[in-house]
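File shown: work35.pdb (PDB, C-alpha atoms (C1' of nucleotides)).
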ATOM      1  CA  MET H   1      15.481  -5.819  18.196  1.00  0.00           C
ATOM      2  CA  PRO H   2      16.929  -6.795  14.806  1.00  0.00           C
ATOM      3  CA  ARG H   3      15.843  -4.742  11.839  1.00  0.00           C
ATOM      4  CA  LEU H   4      16.630  -4.859   8.138  1.00  0.00           C
ATOM      5  CA  PRO H   5      19.621  -2.597   7.412  1.00  0.00           C
ATOM      6  CA  ARG H   6      19.843   0.084   4.772  1.00  0.00           C
ATOM      7  CA  SER H   7      21.849  -2.258   2.547  1.00  0.00           C
ATOM      8  CA  PHE H   8      18.683  -4.371   2.159  1.00  0.00           C
ATOM      9  CA  PHE H   9      16.760  -1.434   0.642  1.00  0.00           C
ATOM     10  CA  ALA H  10      19.690  -0.024  -1.362  1.00  0.00           C
ATOM     11  CA  ARG H  11      19.213  -2.601  -4.116  1.00  0.00           C
ATOM     12  CA  PRO H  12      17.109  -2.893  -7.287  1.00  0.00           C
ATOM     13  CA  THR H  13      13.481  -2.208  -6.404  1.00  0.00           C
ATOM     14  CA  LEU H  14      12.211  -5.464  -7.916  1.00  0.00           C
ATOM     15  CA  THR H  15      14.607  -7.412  -5.689  1.00  0.00           C
ATOM     16  CA  VAL H  16      13.525  -5.486  -2.614  1.00  0.00           C
ATOM     17  CA  ALA H  17       9.815  -5.946  -3.381  1.00  0.00           C
ATOM     18  CA  ARG H  18      10.239  -9.696  -3.877  1.00  0.00           C
ATOM     19  CA  GLU H  19      12.377 -10.143  -0.781  1.00  0.00           C
ATOM     20  CA  LEU H  20      10.084  -8.100   1.445  1.00  0.00           C
ATOM     21  CA  LEU H  21       7.577 -10.947   1.223  1.00  0.00           C
ATOM     22  CA  GLY H  22       7.554 -12.862   4.483  1.00  0.00           C
ATOM     23  CA  GLN H  23       9.383 -10.138   6.404  1.00  0.00           C
ATOM     24  CA  ARG H  24       7.756  -8.630   9.447  1.00  0.00           C
ATOM     25  CA  LEU H  25       6.516  -5.038   9.548  1.00  0.00           C
ATOM     26  CA  VAL H  26       6.717  -3.866  13.170  1.00  0.00           C
ATOM     27  CA  LYS H  27       5.474  -0.744  14.936  1.00  0.00           C
ATOM     28  CA  VAL H  28       6.122  -0.149  18.614  1.00  0.00           C
ATOM     29  CA  GLU H  29       3.439   1.897  20.368  1.00  0.00           C
ATOM     30  CA  ARG H  30       4.078   2.807  24.009  1.00  0.00           C
ATOM     31  CA  GLY H  31       6.198  -0.317  24.344  1.00  0.00           C
ATOM     32  CA  LYS H  32       3.650  -2.624  22.707  1.00  0.00           C
ATOM     33  CA  ARG H  33       4.297  -4.337  19.390  1.00  0.00           C
ATOM     34  CA  LEU H  34       1.986  -4.270  16.386  1.00  0.00           C
ATOM     35  CA  SER H  35       3.167  -6.474  13.550  1.00  0.00           C
ATOM     36  CA  GLY H  36       2.373  -8.589  10.539  1.00  0.00           C
ATOM     37  CA  LEU H  37       4.066 -10.547   7.762  1.00  0.00           C
ATOM     38  CA  ILE H  38       4.227  -8.798   4.407  1.00  0.00           C
ATOM     39  CA  SER H  39       2.257 -10.795   1.838  1.00  0.00           C
ATOM     40  CA  GLU H  40       2.066  -8.402  -1.122  1.00  0.00           C
ATOM     41  CA  ALA H  41       4.417  -5.651  -2.317  1.00  0.00           C
ATOM     42  CA  GLU H  42       4.631  -3.585  -5.490  1.00  0.00           C
ATOM     43  CA  ALA H  43       7.532  -1.763  -7.163  1.00  0.00           C
ATOM     44  CA  TYR H  44       7.565   1.792  -8.548  1.00  0.00           C
ATOM     45  CA  ILE H  45      10.806   2.607 -10.294  1.00  0.00           C
ATOM     46  CA  GLY H  46      12.035   6.028 -11.349  1.00  0.00           C
ATOM     47  CA  GLU H  47      10.805   8.963 -13.410  1.00  0.00           C
ATOM     48  CA  GLU H  48      10.661   6.808 -16.536  1.00  0.00           C
ATOM     49  CA  ASP H  49       8.020   4.551 -14.935  1.00  0.00           C
ATOM     50  CA  LEU H  50       4.841   6.339 -16.006  1.00  0.00           C
ATOM     51  CA  ALA H  51       2.869   4.627 -13.245  1.00  0.00           C
ATOM     52  CA  CYS H  52       5.216   6.036 -10.604  1.00  0.00           C
ATOM     53  CA  HIS H  53       4.406   9.281  -8.800  1.00  0.00           C
ATOM     54  CA  ALA H  54       7.917  10.473  -9.630  1.00  0.00           C
ATOM     55  CA  LYS H  55       6.988  10.647 -13.316  1.00  0.00           C
ATOM     56  CA  ALA H  56       6.235  14.336 -12.607  1.00  0.00           C
ATOM     57  CA  GLY H  57       9.689  14.827 -11.126  1.00  0.00           C
ATOM     58  CA  ARG H  58      10.639  15.988  -7.669  1.00  0.00           C
ATOM     59  CA  THR H  59       7.650  17.775  -6.118  1.00  0.00           C
ATOM     60  CA  PRO H  60       6.698  18.380  -2.477  1.00  0.00           C
ATOM     61  CA  ARG H  61       4.824  15.071  -2.467  1.00  0.00           C
ATOM     62  CA  THR H  62       7.460  12.931  -4.171  1.00  0.00           C
ATOM     63  CA  ASP H  63      10.446  14.466  -2.379  1.00  0.00           C
ATOM     64  CA  VAL H  64      10.788  11.506  -0.011  1.00  0.00           C
ATOM     65  CA  MET H  65      11.163   9.084  -2.941  1.00  0.00           C
ATOM     66  CA  TYR H  66      14.473  10.794  -3.762  1.00  0.00           C
ATOM     67  CA  ARG H  67      15.859  10.374  -0.275  1.00  0.00           C
ATOM     68  CA  LYS H  68      17.932   7.582   1.224  1.00  0.00           C
ATOM     69  CA  PRO H  69      16.745   3.983   0.945  1.00  0.00           C
ATOM     70  CA  GLY H  70      14.828   2.788   3.975  1.00  0.00           C
ATOM     71  CA  SER H  71      12.880   6.058   4.219  1.00  0.00           C
ATOM     72  CA  LEU H  72       9.102   5.766   4.534  1.00  0.00           C
ATOM     73  CA  TYR H  73       7.023   7.447   1.809  1.00  0.00           C
ATOM     74  CA  VAL H  74       3.455   8.022   2.981  1.00  0.00           C
ATOM     75  CA  TYR H  75       0.950   9.642   0.660  1.00  0.00           C
ATOM     76  CA  PHE H  76      -2.764  10.410   0.664  1.00  0.00           C
ATOM     77  CA  THR H  77      -5.156   9.435  -2.100  1.00  0.00           C
ATOM     78  CA  TYR H  78      -8.833   9.221  -3.055  1.00  0.00           C
ATOM     79  CA  GLY H  79      -9.588  11.888  -0.483  1.00  0.00           C
ATOM     80  CA  MET H  80      -9.396   9.499   2.453  1.00  0.00           C
ATOM     81  CA  HIS H  81      -6.649   6.878   2.323  1.00  0.00           C
ATOM     82  CA  TRP H  82      -2.996   6.765   3.384  1.00  0.00           C
ATOM     83  CA  MET H  83      -0.497   4.437   1.692  1.00  0.00           C
ATOM     84  CA  MET H  84       2.885   3.219   2.958  1.00  0.00           C
ATOM     85  CA  ASN H  85       5.904   2.768   0.718  1.00  0.00           C
ATOM     86  CA  ILE H  86       9.538   2.014   1.478  1.00  0.00           C
ATOM     87  CA  VAL H  87      12.132   3.948  -0.514  1.00  0.00           C
ATOM     88  CA  THR H  88      14.690   1.854  -2.413  1.00  0.00           C
ATOM     89  CA  GLU H  89      17.825   2.078  -4.569  1.00  0.00           C
ATOM     90  CA  ARG H  90      20.245   4.991  -4.200  1.00  0.00           C
ATOM     91  CA  GLU H  91      19.700   8.461  -2.854  1.00  0.00           C
ATOM     92  CA  GLY H  92      18.651  10.788  -5.678  1.00  0.00           C
ATOM     93  CA  PHE H  93      16.895   8.040  -7.651  1.00  0.00           C
ATOM     94  CA  PRO H  94      13.123   7.982  -6.982  1.00  0.00           C
ATOM     95  CA  ALA H  95      11.867   4.455  -6.360  1.00  0.00           C
ATOM     96  CA  ALA H  96       9.831   2.706  -3.693  1.00  0.00           C
ATOM     97  CA  VAL H  97       7.866  -0.408  -2.771  1.00  0.00           C
ATOM     98  CA  LEU H  98       4.180  -0.059  -1.900  1.00  0.00           C
ATOM     99  CA  LEU H  99       3.030  -2.375   0.891  1.00  0.00           C
ATOM    100  CA  ARG H 100      -0.239  -3.849  -0.345  1.00  0.00           C
ATOM    101  CA  GLY H 101      -0.858  -6.884   1.881  1.00  0.00           C
ATOM    102  CA  MET H 102       0.043  -8.103   5.356  1.00  0.00           C
ATOM    103  CA  ILE H 103      -0.864 -11.074   7.531  1.00  0.00           C
ATOM    104  CA  PRO H 104      -1.664  -9.580  10.946  1.00  0.00           C
ATOM    105  CA  ASP H 105       0.138 -11.145  13.897  1.00  0.00           C
ATOM    106  CA  GLU H 106       0.840  -9.042  16.997  1.00  0.00           C
ATOM    107  CA  GLY H 107      -1.602  -6.395  18.262  1.00  0.00           C
ATOM    108  CA  ILE H 108      -4.604  -7.732  16.371  1.00  0.00           C
ATOM    109  CA  ALA H 109      -7.061  -6.314  18.914  1.00  0.00           C
ATOM    110  CA  THR H 110      -5.693  -2.814  18.271  1.00  0.00           C
ATOM    111  CA  MET H 111      -5.862  -3.302  14.511  1.00  0.00           C
ATOM    112  CA  ARG H 112      -9.433  -4.536  14.764  1.00  0.00           C
ATOM    113  CA  ARG H 113     -10.441  -1.510  16.814  1.00  0.00           C
ATOM    114  CA  ARG H 114      -8.899   0.852  14.262  1.00  0.00           C
ATOM    115  CA  ARG H 115     -10.534  -1.006  11.400  1.00  0.00           C
ATOM    116  CA  GLY H 116     -13.981  -0.739  12.951  1.00  0.00           C
ATOM    117  CA  ARG H 117     -14.081  -4.427  13.848  1.00  0.00           C
ATOM    118  CA  ARG H 118     -14.261  -5.323  10.162  1.00  0.00           C
ATOM    119  CA  ASP H 119     -12.971  -8.746   9.142  1.00  0.00           C
ATOM    120  CA  HIS H 120     -10.449  -7.650   6.534  1.00  0.00           C
ATOM    121  CA  LEU H 121      -7.752  -6.027   8.648  1.00  0.00           C
ATOM    122  CA  THR H 122      -4.734  -5.607   6.351  1.00  0.00           C
ATOM    123  CA  ASP H 123      -5.507  -7.041   2.887  1.00  0.00           C
ATOM    124  CA  GLY H 124      -5.042  -3.735   1.063  1.00  0.00           C
ATOM    125  CA  PRO H 125      -2.611  -0.810   1.159  1.00  0.00           C
ATOM    126  CA  ALA H 126      -4.950   1.660   2.867  1.00  0.00           C
ATOM    127  CA  LYS H 127      -6.077  -1.030   5.299  1.00  0.00           C
ATOM    128  CA  ILE H 128      -2.483  -1.670   6.396  1.00  0.00           C
ATOM    129  CA  ALA H 129      -1.928   2.027   7.062  1.00  0.00           C
ATOM    130  CA  GLU H 130      -5.179   2.333   8.996  1.00  0.00           C
ATOM    131  CA  ALA H 131      -4.590  -0.813  11.067  1.00  0.00           C
ATOM    132  CA  MET H 132      -1.017   0.232  11.859  1.00  0.00           C
ATOM    133  CA  GLY H 133      -1.952   3.839  12.619  1.00  0.00           C
ATOM    134  CA  ILE H 134       0.212   5.331   9.871  1.00  0.00           C
ATOM    135  CA  ASP H 135      -0.520   8.772   8.399  1.00  0.00           C
ATOM    136  CA  LYS H 136       1.379  11.844   7.177  1.00  0.00           C
ATOM    137  CA  ARG H 137       3.136  12.193  10.525  1.00  0.00           C
ATOM    138  CA  TRP H 138       5.197   9.144   9.523  1.00  0.00           C
ATOM    139  CA  ASN H 139       6.169  10.450   6.101  1.00  0.00           C
ATOM    140  CA  GLY H 140       9.943  10.575   5.726  1.00  0.00           C
ATOM    141  CA  ILE H 141      10.894   8.583   8.820  1.00  0.00           C
ATOM    142  CA  ASP H 142      13.898   6.277   8.551  1.00  0.00           C
ATOM    143  CA  LEU H 143      13.089   2.588   9.083  1.00  0.00           C
ATOM    144  CA  CYS H 144      16.816   1.864   9.481  1.00  0.00           C
ATOM    145  CA  ASP H 145      17.363   4.301  12.353  1.00  0.00           C
ATOM    146  CA  PRO H 146      17.788   2.106  15.446  1.00  0.00           C
ATOM    147  CA  ASP H 147      15.602   4.554  17.391  1.00  0.00           C
ATOM    148  CA  SER H 148      12.613   4.574  15.038  1.00  0.00           C
ATOM    149  CA  ASP H 149       9.396   2.910  16.234  1.00  0.00           C
ATOM    150  CA  LEU H 150       8.665   1.484  12.796  1.00  0.00           C
ATOM    151  CA  PHE H 151      10.900  -1.023  11.030  1.00  0.00           C
ATOM    152  CA  ILE H 152      11.133  -4.313   9.157  1.00  0.00           C
ATOM    153  CA  GLU H 153      12.263  -7.308  11.183  1.00  0.00           C
ATOM    154  CA  PRO H 154      13.976 -10.182   9.353  1.00  0.00           C
ATOM    155  CA  CYS H 155      11.653 -13.166   9.291  1.00  0.00           C
ATOM    156  CA  ARG H 156      11.076 -16.321   7.309  1.00  0.00           C
ATOM    157  CA  PRO H 157      12.054 -16.190   3.606  1.00  0.00           C
ATOM    158  CA  VAL H 158       9.324 -17.241   1.182  1.00  0.00           C
ATOM    159  CA  PRO H 159      10.408 -19.764  -1.490  1.00  0.00           C
ATOM    160  CA  ASP H 160       9.837 -18.875  -5.147  1.00  0.00           C
ATOM    161  CA  SER H 161       7.314 -21.711  -5.455  1.00  0.00           C
ATOM    162  CA  LEU H 162       4.947 -19.783  -3.169  1.00  0.00           C
ATOM    163  CA  VAL H 163       5.340 -16.391  -4.893  1.00  0.00           C
ATOM    164  CA  GLY H 164       3.459 -14.924  -7.841  1.00  0.00           C
ATOM    165  CA  ALA H 165       4.245 -11.870  -9.985  1.00  0.00           C
ATOM    166  CA  ALA H 166       1.453  -9.872 -11.625  1.00  0.00           C
ATOM    167  CA  PRO H 167       0.780  -6.444 -13.127  1.00  0.00           C
ATOM    168  CA  ARG H 168       0.442  -3.655 -10.616  1.00  0.00           C
ATOM    169  CA  VAL H 169      -2.984  -2.804  -9.251  1.00  0.00           C
ATOM    170  CA  GLY H 170      -5.159   0.233  -9.851  1.00  0.00           C
ATOM    171  CA  LEU H 171      -3.067   2.022 -12.466  1.00  0.00           C
ATOM    172  CA  GLY H 172      -6.028   2.907 -14.652  1.00  0.00           C
ATOM    173  CA  GLY H 173      -4.843   4.539 -17.839  1.00  0.00           C
ATOM    174  CA  ALA H 174      -1.087   4.217 -17.400  1.00  0.00           C
ATOM    175  CA  PRO H 175       0.552   3.589 -20.793  1.00  0.00           C
ATOM    176  CA  GLU H 176       2.331   0.416 -21.826  1.00  0.00           C
ATOM    177  CA  PRO H 177       4.685  -1.107 -21.070  1.00  0.00           C
ATOM    178  CA  TRP H 178       4.241   0.224 -17.538  1.00  0.00           C
ATOM    179  CA  LEU H 179       0.653  -0.921 -17.241  1.00  0.00           C
ATOM    180  CA  SER H 180       1.576  -4.582 -17.731  1.00  0.00           C
ATOM    181  CA  GLN H 181       4.951  -4.891 -16.047  1.00  0.00           C
ATOM    182  CA  PRO H 182       4.705  -7.775 -13.533  1.00  0.00           C
ATOM    183  CA  TRP H 183       6.002  -5.688 -10.676  1.00  0.00           C
ATOM    184  CA  ASN H 184       3.459  -6.815  -8.071  1.00  0.00           C
ATOM    185  CA  PHE H 185       4.730  -9.659  -5.911  1.00  0.00           C
ATOM    186  CA  SER H 186       2.563 -11.691  -3.582  1.00  0.00           C
ATOM    187  CA  ILE H 187       2.423 -14.914  -1.639  1.00  0.00           C
ATOM    188  CA  THR H 188      -0.051 -17.087  -3.526  1.00  0.00           C
ATOM    189  CA  ARG H 189      -3.231 -18.370  -1.927  1.00  0.00           C
ATOM    190  CA  ALA H 190      -1.747 -21.863  -1.846  1.00  0.00           C
ATOM    191  CA  GLY H 191       1.394 -20.364  -0.382  1.00  0.00           C
ATOM    192  CA  LEU H 192      -0.557 -18.784   2.448  1.00  0.00           C
ATOM    193  CA  VAL H 193      -2.087 -22.154   3.288  1.00  0.00           C
ATOM    194  CA  LYS H 194       1.318 -23.819   3.224  1.00  0.00           C
ATOM    195  CA  TRP H 195       2.530 -21.219   5.622  1.00  0.00           C
ATOM    196  CA  GLY H 196      -0.108 -22.414   8.049  1.00  0.00           C
ATOM    197  CA  GLN H 197      -1.684 -18.995   8.168  1.00  0.00           C
ATOM    198  CA  HIS H 198      -5.424 -18.761   8.372  1.00  0.00           C
ATOM    199  CA  THR H 199      -6.502 -15.214   7.627  1.00  0.00           C
ATOM    200  CA  SER H 200      -9.067 -13.194   5.771  1.00  0.00           C
ATOM    201  CA  LEU H 201      -6.654 -12.625   2.897  1.00  0.00           C
TER     202      LEU H 201
ATOM    203  C1'  DG U   1     -17.755 -14.889  -4.492  1.00  0.00           C
ATOM    204  C1'  DG U   2     -18.693 -10.988  -8.051  1.00  0.00           C
ATOM    205  C1'  DC U   3     -19.841  -6.003 -10.136  1.00  0.00           C
ATOM    206  C1'  DC U   4     -21.058  -1.188  -9.678  1.00  0.00           C
ATOM    207  C1'  DC U   5     -20.664   3.144  -7.707  1.00  0.00           C
ATOM    208  C1'  DG U   6     -20.131   7.012  -4.463  1.00  0.00           C
ATOM    209  C1'  DA U   7     -17.251   9.130  -0.965  1.00  0.00           C
ATOM    210  C1'  DT U   8     -13.770  12.684  -0.393  1.00  0.00           C
ATOM    211  C1'  DA U   9      -9.661  16.016  -0.401  1.00  0.00           C
ATOM    212  C1'  DC U  10      -5.153  16.494  -1.934  1.00  0.00           C
ATOM    213  C1'  DT U  11      -1.696  17.239  -5.945  1.00  0.00           C
ATOM    214  C1'  DC U  12      -0.254  19.094  -9.960  1.00  0.00           C
ATOM    215  C1'  DT U  13      -1.837  21.359 -14.461  1.00  0.00           C
TER     216       DT U  13
ATOM    217  C1'  DG I   1     -10.265  21.688 -12.696  1.00  0.00           C
ATOM    218  C1'  DA I   2      -9.068  16.837 -13.481  1.00  0.00           C
ATOM    219  C1'  DG I   3      -7.270  12.809 -11.802  1.00  0.00           C
ATOM    220  C1'  DT I   4      -6.403   9.671  -8.151  1.00  0.00           C
ATOM    221  C1'  DA I   5      -0.979   3.213  -6.525  1.00  0.00           C
ATOM    222  C1'  DT I   6      -8.867   2.622  -2.561  1.00  0.00           C
ATOM    223  C1'  DC I   7     -12.583   1.030   0.183  1.00  0.00           C
ATOM    224  C1'  DG I   8     -17.040  -0.561   1.562  1.00  0.00           C
ATOM    225  C1'  DG I   9     -21.985  -0.953   0.884  1.00  0.00           C
ATOM    226  C1'  DG I  10     -25.652  -2.537  -1.986  1.00  0.00           C
ATOM    227  C1'  DC I  11     -27.020  -5.768  -4.847  1.00  0.00           C
ATOM    228  C1'  DC I  12     -26.965 -10.253  -7.349  1.00  0.00           C
ATOM    229  C1'  DC I  13     -25.903 -14.439  -7.731  1.00  0.00           C
TER     230       DC I  13
END

Can the structure in the file be given as structure tokens, please?
Amino acid sequence: MPRLPRSFFARPTLTVARELLGQRLVKVERGKRLSGLISEAEAYIGEEDLACHAKAGRTPRTDVMYRKPGSLYVYFTYGMHWMMNIVTEREGFPAAVLLRGMIPDEGIATMRRRRGRRDHLTDGPAKIAEAMGIDKRWNGIDLCDPDSDLFIEPCRPVPDSLVGAAPRVGLGGAPEPWLSQPWNFSITRAGLVKWGQHTSL
DNA sequence: GGCCCGATACTCT
DNA sequence: GAGTATCGGGCCC
């Protein structure tokens, strides 16, 4: 199975976030594939970015952000939700892309079961993690290791005309300019239609 | 569709 | 002890 190589993630985080749109997130469970196309991704870049967890430096939680690109950073928030991020740039520099939206494709019945048969399967970061069965056990795994059961498969590129950039979501009181940086990338609603996808997004 | 709010436990101060 | 890169239910359009 083809998977995006480390060289894809070892680039500027904004580039990686933008280019992750339209790529396929795949998890193999007991030989069965769960997958979806990434529709929204958000960049967090370095200790200077005061919206980034690494603003507090290297701690037990943020340690993975300093590791090699292509590592998975999974963290827990609001007392109940897991979030998936992919580490970017060079080893030693803390940056990552948060996966915020996905168009479900393979294994939808499994995702629906995990999501309690709710309609909105993967239109939010915690929903993706729940539908894909990702929790702390997956923190630190390497998506570029040919043996890992989680990876990004190259798929259809999304043209710029179908992509929007916006401020990042849920940052609350983060100071400027970080609060307003347009570091959230998504396939627009019109773009989703053009893609022929019909989802709850 | 929208707004409001409570749940819930981990992380760092 | 405060804050949190969210979600879903209740309610009202």

### Query
chain H residues within 12 Å of chain U, counting only C-alpha atoms (C1' of nucleotides): which ones, as a list in words?
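Putting it all together, I get His53, Ala54, Lys55, Ala56, Gly57, Arg58, Thr59, Pro60, Arg61, Thr62, Tyr75, Phe76, Thr77, Tyr78, Gly79, Met80, His81 and Trp82 of chain H.
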
### Spatial sel., origin (-15.5, -3.0, 2.5), limit 12 Å, all atoms listed in the file, listed as number ranges by chain
H: 115-124, 126-127; I: 6-10

### Selection under test: the PyMOL selection byres ((chain H and resi 132) around 10); residues as JSON, numbers by chain
{"H": [25, 26, 27, 28, 29, 34, 35, 36, 104, 107, 108, 110, 111, 114, 115, 121, 122, 126, 127, 128, 129, 130, 131, 133, 134, 135, 150]}

Could those selected residues go to a file with C-alpha atoms, as a short mmCIF file (atom, residue, chain, number, x, y, z; two decimals), in the frame of the given file?
data_model
loop_
_atom_site.label_atom_id
_atom_site.label_comp_id
_atom_site.auth_asym_id
_atom_site.auth_seq_id
_atom_site.Cartn_x
_atom_site.Cartn_y
_atom_site.Cartn_z
CA LEU H 25 6.52 -5.04 9.55
CA VAL H 26 6.72 -3.87 13.17
CA LYS H 27 5.47 -0.74 14.94
CA VAL H 28 6.12 -0.15 18.61
CA GLU H 29 3.44 1.90 20.37
CA LEU H 34 1.99 -4.27 16.39
CA SER H 35 3.17 -6.47 13.55
CA GLY H 36 2.37 -8.59 10.54
CA PRO H 104 -1.66 -9.58 10.95
CA GLY H 107 -1.60 -6.40 18.26
CA ILE H 108 -4.60 -7.73 16.37
CA THR H 110 -5.69 -2.81 18.27
CA MET H 111 -5.86 -3.30 14.51
CA ARG H 114 -8.90 0.85 14.26
CA ARG H 115 -10.53 -1.01 11.40
CA LEU H 121 -7.75 -6.03 8.65
CA THR H 122 -4.73 -5.61 6.35
CA ALA H 126 -4.95 1.66 2.87
CA LYS H 127 -6.08 -1.03 5.30
CA ILE H 128 -2.48 -1.67 6.40
CA ALA H 129 -1.93 2.03 7.06
CA GLU H 130 -5.18 2.33 9.00
CA ALA H 131 -4.59 -0.81 11.07
CA GLY H 133 -1.95 3.84 12.62
CA ILE H 134 0.21 5.33 9.87
CA ASP H 135 -0.52 8.77 8.40
CA LEU H 150 8.66 1.48 12.80
#

I need the residue set behind the PyMOL selection byres ((chain H and resi 157) around 6) for this file; please write it as an mmCIF file with C-alpha atoms, in the frame of the given file.
data_model
loop_
_atom_site.group_PDB
_atom_site.id
_atom_site.type_symbol
_atom_site.label_atom_id
_atom_site.label_comp_id
_atom_site.auth_asym_id
_atom_site.auth_seq_id
_atom_site.Cartn_x
_atom_site.Cartn_y
_atom_site.Cartn_z
ATOM 1 C CA GLY H 22 7.554 -12.862 4.483
ATOM 2 C CA ARG H 156 11.076 -16.321 7.309
ATOM 3 C CA VAL H 158 9.324 -17.241 1.182
#

### Message
as an NGL selection string, please: the residues near region 2-15 of chain H (cut-off 7 Å, only C-alpha atoms (C1' of nucleotides), same-chain neighbours under 6 positions excluded).
### Response
:H and (43 or 45 or 69-70 or 88-90 or 95-97 or 144 or 151-154 or 183)

### Message
Can you measure CA of Ser161 (chain H) to CA of Glu19 (chain H) for me? One decimal in Å is fine.
### Response
13.5 Å

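Across the structure, CA of Trp138 (chain H) and CA of Ala17 (chain H) are spaced 20.4 Å apart.
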
Produce the centre coordinates and the three edge lengths, each in Å to one decimal, of the box along x, y and z that contains all listed atoms of region 113-130 of chain H with 8 Å added on each side, as JSON.
{"center_x": -8.1, "center_y": -3.2, "center_z": 8.9, "size_x": 28.3, "size_y": 27.1, "size_z": 31.8}

### Query
What does the distance between CA of Leu50 (chain H) and CA of Glu176 (chain H) come to in Å, to one decimal place?
8.7 Å

I'd like the neighbourhood of DA5 (chain I) as an mmCIF file with C-alpha atoms, keeping the file's coordinate frame, where a residue qualifies if any of its atoms comes within 9 Å (using all atoms listed in the file), though same-chain residues fewer than 2 positions away should be ignored.
data_model
loop_
_atom_site.group_PDB
_atom_site.id
_atom_site.type_symbol
_atom_site.label_atom_id
_atom_site.label_comp_id
_atom_site.auth_asym_id
_atom_site.auth_seq_id
_atom_site.Cartn_x
_atom_site.Cartn_y
_atom_site.Cartn_z
ATOM 1 C CA GLU H 42 4.631 -3.585 -5.490
ATOM 2 C CA TYR H 44 7.565 1.792 -8.548
ATOM 3 C CA ALA H 51 2.869 4.627 -13.245
ATOM 4 C CA CYS H 52 5.216 6.036 -10.604
ATOM 5 C CA HIS H 53 4.406 9.281 -8.800
ATOM 6 C CA THR H 77 -5.156 9.435 -2.100
ATOM 7 C CA MET H 83 -0.497 4.437 1.692
ATOM 8 C CA LEU H 98 4.180 -0.059 -1.900
ATOM 9 C CA PRO H 125 -2.611 -0.810 1.159
ATOM 10 C CA ARG H 168 0.442 -3.655 -10.616
ATOM 11 C CA VAL H 169 -2.984 -2.804 -9.251
ATOM 12 C CA GLY H 170 -5.159 0.233 -9.851
ATOM 13 C CA LEU H 171 -3.067 2.022 -12.466
#

### Query
So which one's closest to chain I, H:Trp195, H:Arg137, H:Ala174, H:Leu162? Using all atoms listed in the file, please.
H:Ala174
